[in-house]
$ cat entry-v4.pdb   # PDB, C-alpha atoms
ATOM      1  CA  MET G  27       0.000   0.000   0.000
ATOM      2  CA  ASP G  28       1.178   3.543  -0.759
ATOM      3  CA  ARG G  29       2.773   5.082   2.338
ATOM      4  CA  ILE G  30       0.693   8.292   2.164
ATOM      5  CA  ASP G  31      -2.511   6.255   1.910
ATOM      6  CA  ALA G  32      -1.408   4.191   4.903
ATOM      7  CA  LEU G  33      -0.774   7.366   6.895
ATOM      8  CA  ARG G  34      -4.232   8.678   5.931
ATOM      9  CA  LEU G  35      -5.810   5.519   7.331
ATOM     10  CA  LEU G  36      -3.733   5.778  10.509
ATOM     11  CA  LEU G  37      -4.921   9.381  10.981
ATOM     12  CA  ASP G  38      -8.510   8.239  10.557
ATOM     13  CA  VAL G  39      -8.002   5.435  13.088
ATOM     14  CA  SER G  40      -6.515   7.900  15.594
ATOM     15  CA  SER G  41      -9.579  10.140  15.193
ATOM     16  CA  THR G  42     -12.277   7.463  15.326
ATOM     17  CA  GLY G  43     -10.574   4.887  17.571
ATOM     18  CA  SER G  44     -12.040   2.140  15.421
ATOM     19  CA  PHE G  45     -10.871   0.070  12.458
ATOM     20  CA  SER G  46     -14.466  -0.713  11.492
ATOM     21  CA  GLY G  47     -15.494   2.946  11.712
ATOM     22  CA  VAL G  48     -12.710   3.948   9.318
ATOM     23  CA  ALA G  49     -13.623   1.117   6.973
ATOM     24  CA  ARG G  50     -17.229   2.371   6.814
ATOM     25  CA  GLN G  51     -16.127   5.987   6.243
ATOM     26  CA  ARG G  52     -13.671   5.037   3.510
ATOM     27  CA  ASN G  53     -15.852   2.275   2.036
ATOM     28  CA  VAL G  54     -13.025  -0.250   2.251
ATOM     29  CA  ALA G  55     -12.590  -3.606   3.954
ATOM     30  CA  ILE G  56     -11.541  -3.681   7.611
ATOM     31  CA  SER G  57      -8.592  -5.819   6.520
ATOM     32  CA  THR G  58      -7.362  -2.904   4.375
ATOM     33  CA  VAL G  59      -7.274  -0.605   7.406
ATOM     34  CA  THR G  60      -5.576  -3.259   9.509
ATOM     35  CA  LEU G  61      -3.014  -3.902   6.770
ATOM     36  CA  ALA G  62      -2.157  -0.181   6.587
ATOM     37  CA  VAL G  63      -1.423   0.038  10.316
ATOM     38  CA  ASP G  64       0.468  -3.266  10.317
ATOM     39  CA  GLN G  65       2.553  -2.063   7.377
ATOM     40  CA  LEU G  66       3.530   1.129   9.204
ATOM     41  CA  GLU G  67       4.328  -0.740  12.424
ATOM     42  CA  GLN G  68       6.557  -3.169  10.532
ATOM     43  CA  GLU G  69       8.278  -0.371   8.629
ATOM     44  CA  PHE G  70       9.062   1.637  11.773
ATOM     45  CA  GLY G  71       9.619  -1.394  13.975
ATOM     46  CA  ILE G  72       7.363  -0.025  16.745
ATOM     47  CA  ALA G  73       3.836  -0.496  18.023
ATOM     48  CA  LEU G  74       1.620   2.450  17.066
ATOM     49  CA  LEU G  75      -1.622   1.311  18.702
ATOM     50  CA  LYS G  76      -2.599  -0.318  21.958
ATOM     51  CA  ARG G  77      -5.372  -2.768  21.077
ATOM     52  CA  SER G  78      -8.021  -4.305  23.277
ATOM     53  CA  THR G  79     -11.367  -5.914  22.594
ATOM     54  CA  ARG G  80     -13.166  -2.653  23.449
ATOM     55  CA  ARG G  81     -11.020   0.231  22.199
ATOM     56  CA  LEU G  82      -7.893   1.415  20.457
ATOM     57  CA  ALA G  83      -5.414   3.974  21.756
ATOM     58  CA  LEU G  84      -2.212   5.427  20.379
ATOM     59  CA  THR G  85       1.092   4.529  21.983
ATOM     60  CA  HIS G  86       3.525   7.353  22.759
ATOM     61  CA  GLU G  87       5.350   6.630  19.494
ATOM     62  CA  GLY G  88       2.012   6.508  17.697
ATOM     63  CA  GLU G  89       1.104   9.979  18.969
ATOM     64  CA  GLN G  90       4.420  11.320  17.687
ATOM     65  CA  LEU G  91       3.910   9.748  14.278
ATOM     66  CA  VAL G  92       0.322  11.000  13.996
ATOM     67  CA  ALA G  93       1.407  14.579  14.735
ATOM     68  CA  ASP G  94       4.043  14.428  11.990
ATOM     69  CA  ALA G  95       1.721  12.534   9.651
ATOM     70  CA  ARG G  96      -0.859  15.338   9.750
ATOM     71  CA  ARG G  97       1.793  17.777   8.587
ATOM     72  CA  LEU G  98       3.177  15.432   5.915
ATOM     73  CA  VAL G  99      -0.226  14.502   4.497
ATOM     74  CA  GLY G 100      -1.294  18.145   4.558
ATOM     75  CA  GLU G 101       1.816  19.222   2.665
ATOM     76  CA  TRP G 102       1.307  16.436   0.139
ATOM     77  CA  ASP G 103      -2.336  17.426  -0.382
ATOM     78  CA  GLY G 104      -1.283  21.052  -0.740
ATOM     79  CA  LEU G 105       1.254  20.104  -3.402
ATOM     80  CA  LEU G 106      -1.311  18.083  -5.344
ATOM     81  CA  ALA G 107      -3.847  20.899  -5.077
ATOM     82  CA  ALA G 108      -1.292  23.430  -6.319
ATOM     83  CA  LEU G 109      -0.631  21.239  -9.354
ATOM     84  CA  LYS G 110      -4.341  20.812 -10.062
ATOM     85  CA  GLU G 111      -5.747  24.276 -10.577
ATOM     86  CA  ASP G 112      -9.026  23.375 -12.219
ATOM     87  CA  GLY G 113     -12.308  21.857 -11.201
ATOM     88  CA  PRO G 114     -14.721  22.787  -8.406
ATOM     89  CA  LEU G 115     -13.525  23.101  -4.834
ATOM     90  CA  SER G 116     -14.493  20.159  -2.662
ATOM     91  CA  GLY G 117     -13.589  18.457   0.589
ATOM     92  CA  PRO G 118     -13.402  19.418   4.266
ATOM     93  CA  ILE G 119     -12.037  22.575   5.882
ATOM     94  CA  ARG G 120     -11.759  22.832   9.654
ATOM     95  CA  ILE G 121     -11.648  26.491  10.721
ATOM     96  CA  GLY G 122     -10.847  27.951  14.137
ATOM     97  CA  ALA G 123     -11.760  31.415  15.420
ATOM     98  CA  THR G 124     -12.556  33.338  18.593
ATOM     99  CA  ASN G 125     -16.143  33.215  19.838
ATOM    100  CA  ASP G 126     -17.207  36.796  19.178
ATOM    101  CA  PHE G 127     -15.539  37.186  15.787
ATOM    102  CA  GLY G 128     -16.524  33.678  14.718
ATOM    103  CA  ARG G 129     -20.219  34.139  15.462
ATOM    104  CA  LYS G 130     -20.724  37.730  14.373
ATOM    105  CA  GLN G 131     -18.467  38.149  11.357
ATOM    106  CA  LEU G 132     -16.875  34.910  10.224
ATOM    107  CA  ARG G 133     -19.942  32.654  10.140
ATOM    108  CA  PRO G 134     -21.862  34.771   7.568
ATOM    109  CA  LEU G 135     -18.741  34.914   5.389
ATOM    110  CA  LEU G 136     -18.361  31.131   5.570
ATOM    111  CA  ASP G 137     -22.031  30.726   4.592
ATOM    112  CA  ALA G 138     -21.477  32.927   1.540
ATOM    113  CA  PHE G 139     -18.269  31.103   0.591
ATOM    114  CA  GLN G 140     -19.912  27.682   0.868
ATOM    115  CA  ALA G 141     -22.810  28.902  -1.298
ATOM    116  CA  LEU G 142     -20.228  29.604  -3.999
ATOM    117  CA  HIS G 143     -18.581  26.193  -3.493
ATOM    118  CA  PRO G 144     -21.255  23.679  -2.404
ATOM    119  CA  GLY G 145     -18.802  20.785  -2.614
ATOM    120  CA  LEU G 146     -17.043  22.002   0.546
ATOM    121  CA  ARG G 147     -17.719  20.658   4.040
ATOM    122  CA  LEU G 148     -16.962  23.315   6.659
ATOM    123  CA  THR G 149     -16.410  22.823  10.390
ATOM    124  CA  LEU G 150     -16.211  25.982  12.545
ATOM    125  CA  LEU G 151     -14.502  25.559  15.935
ATOM    126  CA  LEU G 152     -14.840  28.514  18.319
ATOM    127  CA  SER G 153     -12.609  29.162  21.330
ATOM    128  CA  ASP G 154     -11.047  32.197  23.001
ATOM    129  CA  SER G 155      -8.058  30.050  24.002
ATOM    130  CA  THR G 156      -5.127  29.292  21.710
ATOM    131  CA  VAL G 157      -5.697  25.932  20.031
ATOM    132  CA  ASP G 158      -2.987  23.588  18.732
ATOM    133  CA  LEU G 159      -3.693  23.399  14.997
ATOM    134  CA  ILE G 160      -1.793  20.154  14.469
ATOM    135  CA  HIS G 161      -3.280  18.330  17.452
ATOM    136  CA  GLU G 162      -6.825  19.482  16.641
ATOM    137  CA  ASN G 163      -6.381  18.849  12.901
ATOM    138  CA  ILE G 164      -7.363  22.445  12.035
ATOM    139  CA  ASP G 165      -6.712  23.621   8.471
ATOM    140  CA  LEU G 166      -7.083  27.353   9.102
ATOM    141  CA  THR G 167      -7.552  29.616  12.098
ATOM    142  CA  LEU G 168      -8.068  33.362  12.489
ATOM    143  CA  ARG G 169      -5.765  34.829  15.155
ATOM    144  CA  SER G 170      -4.887  38.293  16.359
ATOM    145  CA  GLY G 171      -1.239  39.295  16.475
ATOM    146  CA  PRO G 172       1.582  39.987  16.673
ATOM    147  CA  LEU G 173       2.014  36.250  16.356
ATOM    148  CA  PRO G 174       4.607  34.258  18.291
ATOM    149  CA  ASP G 175       7.456  32.727  16.335
ATOM    150  CA  SER G 176       6.396  29.212  15.363
ATOM    151  CA  GLY G 177       6.394  26.736  12.536
ATOM    152  CA  LEU G 178       2.971  27.949  11.400
ATOM    153  CA  HIS G 179       2.326  30.038   8.298
ATOM    154  CA  ALA G 180       0.278  33.242   8.311
ATOM    155  CA  ARG G 181      -1.215  35.904   6.052
ATOM    156  CA  LEU G 182      -2.276  39.338   7.247
ATOM    157  CA  LEU G 183      -6.006  39.940   6.732
ATOM    158  CA  VAL G 184      -6.908  43.109   8.658
ATOM    159  CA  ARG G 185      -4.902  45.741  10.513
ATOM    160  CA  GLY G 186      -6.392  46.872  13.814
ATOM    161  CA  ASP G 187      -5.883  47.607  17.476
ATOM    162  CA  ARG G 188      -7.406  46.782  20.852
ATOM    163  CA  LEU G 189      -9.783  49.320  22.383
ATOM    164  CA  VAL G 190     -11.002  50.141  25.869
ATOM    165  CA  CYS G 191     -14.736  50.637  25.524
ATOM    166  CA  ALA G 192     -18.023  50.651  27.416
ATOM    167  CA  ALA G 193     -21.609  51.718  26.891
ATOM    168  CA  PRO G 194     -22.286  55.491  27.090
ATOM    169  CA  ALA G 195     -24.498  54.865  30.133
ATOM    170  CA  TYR G 196     -21.585  53.252  31.988
ATOM    171  CA  TRP G 197     -19.239  56.164  31.232
ATOM    172  CA  GLU G 198     -21.880  58.653  32.375
ATOM    173  CA  ARG G 199     -22.264  56.734  35.631
ATOM    174  CA  ALA G 200     -18.610  55.897  36.365
ATOM    175  CA  GLY G 201     -16.735  58.654  34.547
ATOM    176  CA  ARG G 202     -14.386  58.432  31.579
ATOM    177  CA  PRO G 203     -10.751  57.669  32.464
ATOM    178  CA  THR G 204      -8.059  59.950  31.074
ATOM    179  CA  HIS G 205      -5.165  57.598  31.880
ATOM    180  CA  PRO G 206      -5.053  53.756  31.838
ATOM    181  CA  GLU G 207      -4.060  53.641  35.523
ATOM    182  CA  GLN G 208      -7.540  54.966  36.359
ATOM    183  CA  LEU G 209      -9.000  51.668  35.105
ATOM    184  CA  ALA G 210      -8.111  50.229  38.520
ATOM    185  CA  GLY G 211     -11.153  52.109  39.814
ATOM    186  CA  HIS G 212     -13.510  50.745  37.133
ATOM    187  CA  ASN G 213     -15.495  47.540  36.825
ATOM    188  CA  CYS G 214     -13.494  45.788  34.106
ATOM    189  CA  LEU G 215     -14.848  42.744  32.283
ATOM    190  CA  VAL G 216     -12.027  40.206  32.140
ATOM    191  CA  LEU G 217     -11.473  37.374  29.682
ATOM    192  CA  ALA G 218     -11.085  34.137  31.671
ATOM    193  CA  ARG G 219      -8.527  31.632  30.391
ATOM    194  CA  PRO G 220      -7.661  28.119  31.600
ATOM    195  CA  ASP G 221      -4.222  29.132  32.865
ATOM    196  CA  ALA G 222      -4.929  32.686  34.102
ATOM    197  CA  PRO G 223      -7.411  35.509  33.408
ATOM    198  CA  LEU G 224      -6.368  38.151  30.896
ATOM    199  CA  ALA G 225      -6.309  40.843  33.592
ATOM    200  CA  ALA G 226      -3.186  42.788  32.551
ATOM    201  CA  TRP G 227      -4.165  45.208  29.792
ATOM    202  CA  ASN G 228      -1.379  46.558  27.557
ATOM    203  CA  PHE G 229      -0.809  50.251  26.810
ATOM    204  CA  GLN G 230       2.005  52.582  25.889
ATOM    205  CA  ALA G 231       2.950  56.183  26.697
ATOM    206  CA  ASP G 232       5.764  58.150  25.081
ATOM    207  CA  GLY G 233       6.651  55.038  23.115
ATOM    208  CA  LYS G 234       7.134  52.925  26.255
ATOM    209  CA  PRO G 235       4.861  49.923  26.888
ATOM    210  CA  PHE G 236       3.281  49.254  30.266
ATOM    211  CA  ASN G 237       0.550  47.059  31.754
ATOM    212  CA  VAL G 238      -2.375  47.930  33.983
ATOM    213  CA  LYS G 239      -3.844  45.222  36.193
ATOM    214  CA  VAL G 240      -7.639  45.387  36.101
ATOM    215  CA  SER G 241     -10.440  43.618  37.928
ATOM    216  CA  GLY G 242     -14.198  43.571  38.165
ATOM    217  CA  ASP G 243     -17.194  41.565  39.257
ATOM    218  CA  ARG G 244     -17.487  39.528  36.032
ATOM    219  CA  GLN G 245     -15.249  37.194  34.035
ATOM    220  CA  ALA G 246     -16.097  34.970  31.067
ATOM    221  CA  SER G 247     -14.197  32.638  28.767
ATOM    222  CA  ASP G 248     -16.334  33.837  25.852
ATOM    223  CA  GLY G 249     -15.509  37.219  24.317
ATOM    224  CA  GLU G 250     -19.057  37.665  23.050
ATOM    225  CA  VAL G 251     -20.371  37.473  26.612
ATOM    226  CA  LEU G 252     -17.957  40.249  27.624
ATOM    227  CA  ARG G 253     -19.176  42.365  24.717
ATOM    228  CA  ASP G 254     -22.823  41.770  25.652
ATOM    229  CA  TRP G 255     -22.151  42.803  29.253
ATOM    230  CA  ALA G 256     -20.440  45.951  28.007
ATOM    231  CA  LEU G 257     -23.417  46.768  25.780
ATOM    232  CA  GLU G 258     -25.679  46.395  28.816
ATOM    233  CA  GLY G 259     -23.599  48.962  30.677
ATOM    234  CA  ARG G 260     -22.179  46.509  33.205
ATOM    235  CA  GLY G 261     -18.513  47.405  32.799
ATOM    236  CA  VAL G 262     -15.473  48.109  30.635
ATOM    237  CA  THR G 263     -14.167  45.705  28.015
ATOM    238  CA  PHE G 264     -10.896  45.486  26.092
ATOM    239  CA  LYS G 265     -11.780  44.318  22.580
ATOM    240  CA  ASN G 266     -10.258  44.055  19.145
ATOM    241  CA  ARG G 267     -11.542  46.844  16.933
ATOM    242  CA  TRP G 268     -13.046  44.448  14.376
ATOM    243  CA  ASP G 269     -15.214  42.900  17.120
ATOM    244  CA  VAL G 270     -16.805  46.210  18.165
ATOM    245  CA  GLN G 271     -16.551  48.531  15.148
ATOM    246  CA  ARG G 272     -20.275  48.254  14.360
ATOM    247  CA  ASP G 273     -21.153  49.012  17.981
ATOM    248  CA  LEU G 274     -18.857  52.046  17.935
ATOM    249  CA  ASP G 275     -20.359  53.302  14.665
ATOM    250  CA  ALA G 276     -23.879  52.913  16.073
ATOM    251  CA  GLY G 277     -22.995  54.627  19.355
ATOM    252  CA  ARG G 278     -23.746  51.531  21.443
ATOM    253  CA  LEU G 279     -20.158  51.554  22.728
ATOM    254  CA  GLU G 280     -17.684  54.402  23.178
ATOM    255  CA  ALA G 281     -13.899  53.978  23.196
ATOM    256  CA  VAL G 282     -11.548  55.869  25.519
ATOM    257  CA  LEU G 283      -7.787  56.163  26.051
ATOM    258  CA  ASP G 284      -7.016  56.091  22.314
ATOM    259  CA  ASP G 285      -3.782  58.032  22.957
ATOM    260  CA  PHE G 286      -2.438  55.098  24.979
ATOM    261  CA  LEU G 287      -3.143  52.210  22.607
ATOM    262  CA  ALA G 288      -0.267  49.724  22.491
ATOM    263  CA  GLY G 289       0.819  48.871  18.977
ATOM    264  CA  PRO G 290      -1.205  47.100  16.307
ATOM    265  CA  VAL G 291      -3.274  43.991  16.989
ATOM    266  CA  ASP G 292      -3.744  42.625  13.485
ATOM    267  CA  LEU G 293      -5.897  39.738  12.275
ATOM    268  CA  TYR G 294      -4.111  36.872  10.534
ATOM    269  CA  ALA G 295      -5.115  33.731   8.697
ATOM    270  CA  VAL G 296      -2.889  31.005  10.152
ATOM    271  CA  TYR G 297      -2.432  27.537   8.686
ATOM    272  CA  PRO G 298      -0.104  24.657   9.590
ATOM    273  CA  VAL G 299       1.199  23.777   6.122
ATOM    274  CA  SER G 300       2.425  25.773   3.140
ATOM    275  CA  PRO G 301       1.284  25.803   0.483
ATOM    276  CA  PRO G 302      -2.212  25.181   1.875
ATOM    277  CA  SER G 303      -4.689  23.104  -0.079
ATOM    278  CA  ARG G 304      -6.418  24.860  -2.971
ATOM    279  CA  ARG G 305      -9.681  25.033  -1.024
ATOM    280  CA  VAL G 306      -7.998  26.615   2.025
ATOM    281  CA  ALA G 307      -6.081  29.073  -0.174
ATOM    282  CA  ALA G 308      -9.334  30.054  -1.891
ATOM    283  CA  LEU G 309     -11.024  30.638   1.465
ATOM    284  CA  VAL G 310      -8.142  32.804   2.682
ATOM    285  CA  ASP G 311      -8.328  34.887  -0.518
ATOM    286  CA  TYR G 312     -12.083  35.266  -0.052
ATOM    287  CA  LEU G 313     -11.777  36.337   3.579
ATOM    288  CA  ALA G 314      -9.009  38.816   2.772
ATOM    289  CA  THR G 315     -11.196  40.512   0.159
ATOM    290  CA  ALA G 316     -14.382  40.430   2.251
ATOM    291  CA  LEU G 317     -12.788  41.748   5.448
ATOM    292  CA  ALA G 318     -10.878  44.478   3.627
ATOM    293  CA  GLY G 319     -14.205  45.897   2.442
TER     294      GLY G 319
END

$ encode --input "entry-v4.pdb" --output "structure tokens"
Amino acid sequence: MDRIDALRLLLDVSSTGSFSGVARQRNVAISTVTLAVDQLEQEFGIALLKRSTRRLALTHEGEQLVADARRLVGEWDGLLAALKEDGPLSGPIRIGATNDFGRKQLRPLLDAFQALHPGLRLTLLLSDSTVDLIHENIDLTLRSGPLPDSGLHARLLVRGDRLVCAAPAYWERAGRPTHPEQLAGHNCLVLARPDAPLAAWNFQADGKPFNVKVSGDRQASDGEVLRDWALEGRGVTFKNRWDVQRDLDAGRLEAVLDDFLAGPVDLYAVYPVSPPSRRVAALVDYLATALAG
């Protein structure tokens, strides 16, 4: 069996935990799936799966191989797609995004893109925490930057910044701060994260960066919840401009402390392999055009 095809079947087994499940999905015999895994185990001289009568699980070496196999298969698919530049787009795309941006702005764009290319199967995964693209088998994610140095590939989509904003009613009640340090006296709506809340907000003055530690009576792991609380006048939020621009234009939110904003916070399309598949590249092009407008 071709090595790439064997790796594809191993990836499917790692996702489903079942030889028979993969066989049904691929419309092949169970013996074909078993042969693929056996072939890889013999080639590498290691056990890739721990088998029992009830379930399958990857060994430590199997987990390492699966992580590399996702990258290798993705690069191979990207190469084939680059060589085949005709025909309708088809196949799966797994897309990651933050909650607020994903629900409010990205989802309608994905609906429009899929209407143009009905052969695509889209999966939208929303989280305000950083997700491992390789481990979660994500083809494309939308992230704000600057981005950390990594083996991932990125394309700038939108330039922006992060704003301190609240509803006009809140500012009338609590007063508008003139310096970031005054936020210590405000009810700040904090993004909760698994490791630690995002309670140190970044600013700069005279070209020098500094942080202000904030707190309040509400935290949430979902950025859209923080935005909704801000719209209700319950406190101050620290949001990417593209998440709140419509609210600012409509006067539902008002931004303050613009003279202290710390550097750009741009929006990037990030993908684990380059070149990406033709369908992922087409989606990135579409998003770049749509968001620029």

$ residues_around --input "entry-v4.pdb" --residues "Lys76 in chain G" --least-positions-apart "4" --cutoff "12 Å" --atoms "only C-alpha atoms" --output "PDB file with C-alpha atoms, in the frame of the given file"
ATOM      1  CA  VAL G  39      -8.002   5.435  13.088  1.00  0.00           C
ATOM      2  CA  SER G  40      -6.515   7.900  15.594  1.00  0.00           C
ATOM      3  CA  GLY G  43     -10.574   4.887  17.571  1.00  0.00           C
ATOM      4  CA  SER G  44     -12.040   2.140  15.421  1.00  0.00           C
ATOM      5  CA  VAL G  63      -1.423   0.038  10.316  1.00  0.00           C
ATOM      6  CA  GLU G  67       4.328  -0.740  12.424  1.00  0.00           C
ATOM      7  CA  ILE G  72       7.363  -0.025  16.745  1.00  0.00           C
ATOM      8  CA  ARG G  80     -13.166  -2.653  23.449  1.00  0.00           C
ATOM      9  CA  ARG G  81     -11.020   0.231  22.199  1.00  0.00           C
ATOM     10  CA  LEU G  82      -7.893   1.415  20.457  1.00  0.00           C
ATOM     11  CA  ALA G  83      -5.414   3.974  21.756  1.00  0.00           C
ATOM     12  CA  LEU G  84      -2.212   5.427  20.379  1.00  0.00           C
ATOM     13  CA  THR G  85       1.092   4.529  21.983  1.00  0.00           C
ATOM     14  CA  HIS G  86       3.525   7.353  22.759  1.00  0.00           C
ATOM     15  CA  GLU G  87       5.350   6.630  19.494  1.00  0.00           C
ATOM     16  CA  GLY G  88       2.012   6.508  17.697  1.00  0.00           C
ATOM     17  CA  GLU G  89       1.104   9.979  18.969  1.00  0.00           C
TER      18      GLU G  89
END

$ residues_around --input "entry-v4.pdb" --residues "range 256-272 of chain G" --least-positions-apart "5" --cutoff "8 Å" --atoms "only C-alpha atoms" --output "list in words"
Asp126, Phe127, Gly186, Asp187, Arg188, Leu189, Val190, Cys191, Ala192, Ala193, Pro194, Ala195, Tyr196, His212, Asn213, Cys214, Leu215, Val216, Trp227, Gly242, Arg278, Leu279 and Val291 of chain G

$ resolve_selection --input "entry-v4.pdb" --expression "the PyMOL selection byres ((chain G and resi 59) around 8)" --output "list of chain:residue names"
G:Ala32, G:Leu35, G:Leu36, G:Phe45, G:Val48, G:Ala49, G:Val54, G:Ala55, G:Ile56, G:Ser57, G:Thr58, G:Thr60, G:Leu61, G:Ala62, G:Val63

$ residues_around --input "entry-v4.pdb" --residues "range 232-235 of chain G" --least-positions-apart "6" --cutoff "12 Å" --atoms "all atoms listed in the file" --output "list of chain:residue names"
G:Pro206, G:Asp285, G:Phe286, G:Leu287, G:Ala288, G:Gly289

$ atom_distance --input "entry-v4.pdb" --atom1 "CA of Glu162 in chain G" --atom2 "CA of Arg97 in chain G"
11.9 Å

$ resolve_selection --input "entry-v4.pdb" --expression "the PyMOL selection byres ((chain G and resi 312) around 12)" --output "list in words"
Leu132, Leu135, Leu136, Asp137, Ala138, Phe139, Gln140, Leu142, His143, Leu183, Ala295, Arg305, Val306, Ala307, Ala308, Leu309, Val310, Asp311, Leu313, Ala314, Thr315, Ala316, Leu317, Ala318 and Gly319 of chain G

$ atom_distance --input "entry-v4.pdb" --atom1 "CA of Asp64 in chain G" --atom2 "CA of Leu91 in chain G"
14.0 Å

$ atom_distance --input "entry-v4.pdb" --atom1 "CA of Phe229 in chain G" --atom2 "CA of Leu293 in chain G"
18.6 Å

$ axis_aligned_box --input "entry-v4.pdb" --around "range 142-145 of chain G" --padding-each-side "3 Å" --output "JSON"
{"center_x": -19.9, "center_y": 25.2, "center_z": -3.2, "size_x": 8.7, "size_y": 14.8, "size_z": 7.6}

$ resolve_selection --input "entry-v4.pdb" --expression "the PyMOL selection byres ((chain G and resi 148) around 9)" --output "PyMOL selection string"
chain G and resi 117-121+136+140+146-147+149-150

$ closest_residue --input "entry-v4.pdb" --among "G:Ala226, G:Val157, G:Leu98, G:Leu283" --to "Val299 in chain G" --atoms "only C-alpha atoms"
G:Leu98

$ residues_near_point --input "entry-v4.pdb" --point "(-3.9, 46.4, 36.3)" --cutoff "9 Å" --atoms "all atoms listed in the file" --output "list in words"
Pro206, Glu207, Leu209, Ala210, Ala225, Ala226, Trp227, Asn237, Val238, Lys239, Val240 and Ser241 of chain G

$ closest_residue --input "entry-v4.pdb" --among "G:Arg29, G:Arg52, G:Arg181, G:Arg77" --to "Ser300 in chain G" --atoms "only C-alpha atoms"
G:Arg181

$ build_atoms --input "entry-v4.pdb" --residues "range 205-210 of chain G" --atoms "all heavy atoms" --output "mmCIF file, keeping the file's coordinate frame"
data_model
loop_
_atom_site.group_PDB
_atom_site.id
_atom_site.type_symbol
_atom_site.label_atom_id
_atom_site.label_comp_id
_atom_site.auth_asym_id
_atom_site.auth_seq_id
_atom_site.Cartn_x
_atom_site.Cartn_y
_atom_site.Cartn_z
ATOM 1 N N HIS G 205 -6.432 58.334 31.876
ATOM 2 C CA HIS G 205 -5.165 57.598 31.880
ATOM 3 C C HIS G 205 -5.469 56.136 32.212
ATOM 4 O O HIS G 205 -6.363 55.849 33.033
ATOM 5 C CB HIS G 205 -4.192 58.179 32.902
ATOM 6 C CG HIS G 205 -2.798 57.650 32.765
ATOM 7 N ND1 HIS G 205 -2.411 56.412 33.258
ATOM 8 C CD2 HIS G 205 -1.694 58.179 32.155
ATOM 9 C CE1 HIS G 205 -1.141 56.213 32.979
ATOM 10 N NE2 HIS G 205 -0.672 57.269 32.313
ATOM 11 N N PRO G 206 -4.767 55.181 31.581
ATOM 12 C CA PRO G 206 -5.053 53.756 31.838
ATOM 13 C C PRO G 206 -4.995 53.361 33.305
ATOM 14 O O PRO G 206 -5.735 52.458 33.725
ATOM 15 C CB PRO G 206 -3.972 53.033 31.027
ATOM 16 C CG PRO G 206 -3.660 53.967 29.913
ATOM 17 C CD PRO G 206 -3.765 55.334 30.501
ATOM 18 N N GLU G 207 -4.142 54.015 34.108
ATOM 19 C CA GLU G 207 -4.060 53.641 35.523
ATOM 20 C C GLU G 207 -5.390 53.847 36.243
ATOM 21 O O GLU G 207 -5.654 53.197 37.264
ATOM 22 C CB GLU G 207 -2.946 54.436 36.201
ATOM 23 C CG GLU G 207 -1.546 54.041 35.727
ATOM 24 C CD GLU G 207 -0.459 54.871 36.389
ATOM 25 O OE1 GLU G 207 -0.816 55.840 37.093
ATOM 26 O OE2 GLU G 207 0.738 54.548 36.202
ATOM 27 N N GLN G 208 -6.241 54.729 35.733
ATOM 28 C CA GLN G 208 -7.540 54.966 36.359
ATOM 29 C C GLN G 208 -8.501 53.798 36.167
ATOM 30 O O GLN G 208 -9.547 53.731 36.829
ATOM 31 C CB GLN G 208 -8.155 56.250 35.801
ATOM 32 C CG GLN G 208 -7.364 57.498 36.152
ATOM 33 C CD GLN G 208 -7.893 58.734 35.449
ATOM 34 O OE1 GLN G 208 -8.830 58.674 34.662
ATOM 35 N NE2 GLN G 208 -7.270 59.877 35.722
ATOM 36 N N LEU G 209 -8.155 52.851 35.291
ATOM 37 C CA LEU G 209 -9.000 51.668 35.105
ATOM 38 C C LEU G 209 -9.056 50.816 36.370
ATOM 39 O O LEU G 209 -9.978 50.003 36.527
ATOM 40 C CB LEU G 209 -8.485 50.825 33.938
ATOM 41 C CG LEU G 209 -8.660 51.440 32.545
ATOM 42 C CD1 LEU G 209 -7.925 50.603 31.511
ATOM 43 C CD2 LEU G 209 -10.136 51.557 32.190
ATOM 44 N N ALA G 210 -8.092 50.980 37.259
ATOM 45 C CA ALA G 210 -8.111 50.229 38.520
ATOM 46 C C ALA G 210 -9.356 50.558 39.330
ATOM 47 O O ALA G 210 -9.789 49.763 40.171
ATOM 48 C CB ALA G 210 -6.850 50.528 39.322
#
